[in-house]
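Notes to accompany the following structure.
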Amino acid sequence: MLTLVLLVPLLLLSNALAQVDTISEIQKTISVLVQRMNTAESSLKESQENLVKALQRVAVTESKLQQAETKLVQANVKRVQLESELKAGLNDMKNVGTKNSASITGLTQNLSSLQGKQTRHIAFSVGRSTSLTGNSDNTVITYDKIWLNDGNGFNKFTGHFVAPVSGVYMFTYNNMYHHSTDSSVSLMMNGNGVQASTGYDADGGWGMSGNVVQLRLQKGDSVWLELGTNHFIYNNYPYSSFNGQLIYQN
């Protein structure tokens with residue numbers, strides 16, 4: 001009985017001790033959990049602060065992007081305006097260039113025309129020193145004495161004057177006849193008779209015949225003198241002469 005009495009308190013004490021150990025462990029566990037919760041709360045708070053900072057940076061970045069987009073739109077507007085102004089300027093330059101080119105062309109043509117008119121001095125004076133008898137209807141009188149041939153319009157081999165430029169020309173000519181011979185000389189232009197001079201001395205003497213005419217010629221027109229068939233001009237000295245000169249250019 002005594003033993004039983006002693007065992008009961010011991011059992012109760014053992015249980016109490018076991019409960020104390022369990023409570024201590026629980027307290028330790030709770031303490032660990034509390035620490036972990038504090039650490040988690042601290043981490044969560046730090047994360048929240050980082051998130052706020054990140055959101056603030058995002059907001060700043062979005063603002064900068066909006067400003068950049070606004071500047072880009074403004075730059076595009078200016079670019080379009082500059083392109084329009086550049087195209088207008090190029091068109092103006094083309095128009096000015098076209099006008100200047102036309103003006104330069106006109107000035108060049110006027111200058112060439114003026115230079116041509118100022119520098120073209122055209123005149124000739126030729127003579128024949130031998131007699132000639134007309135053997136056909138188109139015996140061209142040629143001349144062996146060239147006193148003047150400015151502009152090189154007269155050809156001594158053909159007896160033709162070819163107009164170097166268009167304009168009004170004056171021609172004069174004279175011939176000697178004698179010994180009861182007919183002397184009919186025609187001035188021809190491009191194959192057509194323009195005028196003539198005729199001389200005859202029934203007494204067998206000497207005489208001179210000639211004429212003067214002004215003609216409007218185009219460049220390339222030809223003028224010459226022809227002696228009538230069986231007609232005669234006398235020369236043992238250049239009595240016969242043919243002269244022409246440009247009065248003014250067209």
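Lettering and numbering for the structure tokens are positional, with chains as A, B, ... in the shown order, residues counted from 1 in each chain, and ligands counted from 1 in the shown order.
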Based on the backbone DSSP call, show me all residues of region 7-250 of chain A assigned alpha helix (DSSP H), as a PyMOL selection string. chain A and resi 7-119
Which neighbours of Ile141 (chain A) fall inside 12 Å, counting only C-alpha atoms, when residues of the same chain fewer than 3 positions from it are skipped, and could you give them as a CSV table (one decimal) with N, CA and C atoms, in the first residue's frame?
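Done, and the output landed in selection30.csv:
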chain,number,residue,atom,x,y,z
A,126,VAL,N,35.8,93.6,-158.9
A,126,VAL,CA,36.7,92.7,-159.8
A,126,VAL,C,36.7,93.4,-161.2
A,127,GLY,N,37.7,93.0,-162.0
A,127,GLY,CA,37.8,93.5,-163.4
A,127,GLY,C,38.3,92.4,-164.3
A,128,ARG,N,38.1,92.7,-165.6
A,128,ARG,CA,38.5,91.8,-166.7
A,128,ARG,C,39.5,92.5,-167.6
A,129,SER,N,40.6,91.8,-167.9
A,129,SER,CA,41.6,92.5,-168.7
A,129,SER,C,41.7,91.9,-170.1
A,130,THR,N,40.8,91.0,-170.5
A,130,THR,CA,40.9,90.5,-171.9
A,130,THR,C,39.5,90.6,-172.5
A,131,SER,N,39.4,90.7,-173.8
A,131,SER,CA,38.1,90.8,-174.5
A,131,SER,C,37.4,89.4,-174.5
A,132,LEU,N,36.0,89.5,-174.7
A,132,LEU,CA,35.2,88.3,-174.7
A,132,LEU,C,34.1,88.4,-175.7
A,133,THR,N,33.8,87.3,-176.4
A,133,THR,CA,32.7,87.2,-177.3
A,133,THR,C,31.7,86.2,-176.8
A,134,GLY,N,30.4,86.6,-176.8
A,134,GLY,CA,29.4,85.6,-176.3
A,134,GLY,C,29.1,84.6,-177.4
A,135,ASN,N,29.4,83.3,-177.1
A,135,ASN,CA,29.2,82.2,-178.0
A,135,ASN,C,28.0,81.4,-177.7
A,136,SER,N,27.3,81.7,-176.6
A,136,SER,CA,26.0,81.0,-176.3
A,136,SER,C,25.1,82.0,-175.6
A,137,ASP,N,23.9,81.5,-175.2
A,137,ASP,CA,23.0,82.4,-174.5
A,137,ASP,C,23.4,82.5,-173.1
A,138,ASN,N,24.3,81.8,-172.6
A,138,ASN,CA,24.6,81.9,-171.1
A,138,ASN,C,26.1,82.0,-170.9
A,144,ASP,N,39.5,88.3,-164.0
A,144,ASP,CA,40.8,87.8,-163.6
A,144,ASP,C,41.5,88.8,-162.6
A,155,ASN,N,33.4,84.4,-156.6
A,155,ASN,CA,34.2,83.3,-157.0
A,155,ASN,C,34.8,83.6,-158.4
A,156,LYS,N,36.1,83.8,-158.5
A,156,LYS,CA,36.7,84.3,-159.7
A,156,LYS,C,36.6,83.2,-160.8
A,157,PHE,N,36.5,81.9,-160.5
A,157,PHE,CA,36.5,80.9,-161.4
A,157,PHE,C,35.1,80.7,-162.1
A,158,THR,N,34.0,81.0,-161.3
A,158,THR,CA,32.7,80.9,-161.9
A,158,THR,C,32.1,82.2,-162.3
A,159,GLY,N,32.7,83.3,-161.8
A,159,GLY,CA,32.1,84.6,-162.0
A,159,GLY,C,30.9,84.9,-161.2
A,160,HIS,N,30.5,84.0,-160.3
A,160,HIS,CA,29.3,84.2,-159.5
A,160,HIS,C,29.6,84.8,-158.1
A,161,PHE,N,28.7,85.7,-157.7
A,161,PHE,CA,28.7,86.2,-156.3
A,161,PHE,C,27.6,85.4,-155.6
A,173,TYR,N,28.0,97.6,-162.6
A,173,TYR,CA,28.9,97.0,-163.6
A,173,TYR,C,29.0,97.9,-164.8
A,174,ASN,N,30.1,97.8,-165.5
A,174,ASN,CA,30.3,98.5,-166.8
A,174,ASN,C,31.2,97.7,-167.7
A,175,ASN,N,31.0,98.0,-169.0
A,175,ASN,CA,31.8,97.2,-170.0
A,175,ASN,C,32.1,98.2,-171.2
A,184,SER,N,25.7,93.6,-175.2
A,184,SER,CA,24.5,93.5,-174.3
A,184,SER,C,24.9,92.6,-173.1
A,185,VAL,N,24.9,93.1,-172.0
A,185,VAL,CA,25.2,92.4,-170.8
A,185,VAL,C,24.0,92.4,-169.8
A,186,SER,N,23.7,91.2,-169.3
A,186,SER,CA,22.5,91.0,-168.4
A,186,SER,C,23.0,90.6,-167.0
A,187,LEU,N,22.4,91.2,-166.0
A,187,LEU,CA,22.7,90.8,-164.6
A,187,LEU,C,21.6,89.8,-164.3
A,188,MET,N,22.1,88.6,-163.8
A,188,MET,CA,21.3,87.5,-163.5
A,188,MET,C,21.3,87.2,-162.0
A,223,VAL,N,24.4,85.8,-157.9
A,223,VAL,CA,24.3,86.9,-158.9
A,223,VAL,C,25.5,86.9,-159.8
A,224,TRP,N,25.3,87.1,-161.1
A,224,TRP,CA,26.4,87.1,-162.0
A,224,TRP,C,26.0,87.9,-163.3
A,225,LEU,N,27.0,88.1,-164.2
A,225,LEU,CA,26.8,88.8,-165.4
A,225,LEU,C,26.9,87.8,-166.6
A,226,GLU,N,26.0,88.0,-167.6
A,226,GLU,CA,26.1,87.1,-168.8
A,226,GLU,C,26.2,88.1,-170.1
A,227,LEU,N,27.0,87.6,-171.0
A,227,LEU,CA,27.1,88.3,-172.3
A,227,LEU,C,26.3,87.7,-173.4
A,228,GLY,N,25.5,88.5,-174.1
A,228,GLY,CA,24.6,88.0,-175.1
A,228,GLY,C,25.4,87.3,-176.3
A,231,HIS,N,27.7,88.9,-178.9
A,231,HIS,CA,28.0,90.2,-178.4
A,231,HIS,C,29.4,90.2,-177.9
A,232,PHE,N,29.9,91.4,-177.8
A,232,PHE,CA,31.4,91.6,-177.6
A,232,PHE,C,31.7,92.6,-176.5
A,233,ILE,N,32.6,92.3,-175.7
A,233,ILE,CA,33.2,93.4,-174.8
A,233,ILE,C,34.7,93.4,-175.0
A,240,SER,N,36.3,96.5,-168.1
A,240,SER,CA,35.1,95.9,-167.6
A,240,SER,C,35.2,95.6,-166.1
A,241,SER,N,34.2,96.0,-165.4
A,241,SER,CA,34.3,95.7,-163.9
A,241,SER,C,32.9,95.3,-163.4
A,242,PHE,N,32.9,94.6,-162.3
A,242,PHE,CA,31.7,94.1,-161.6
A,242,PHE,C,31.9,94.4,-160.1
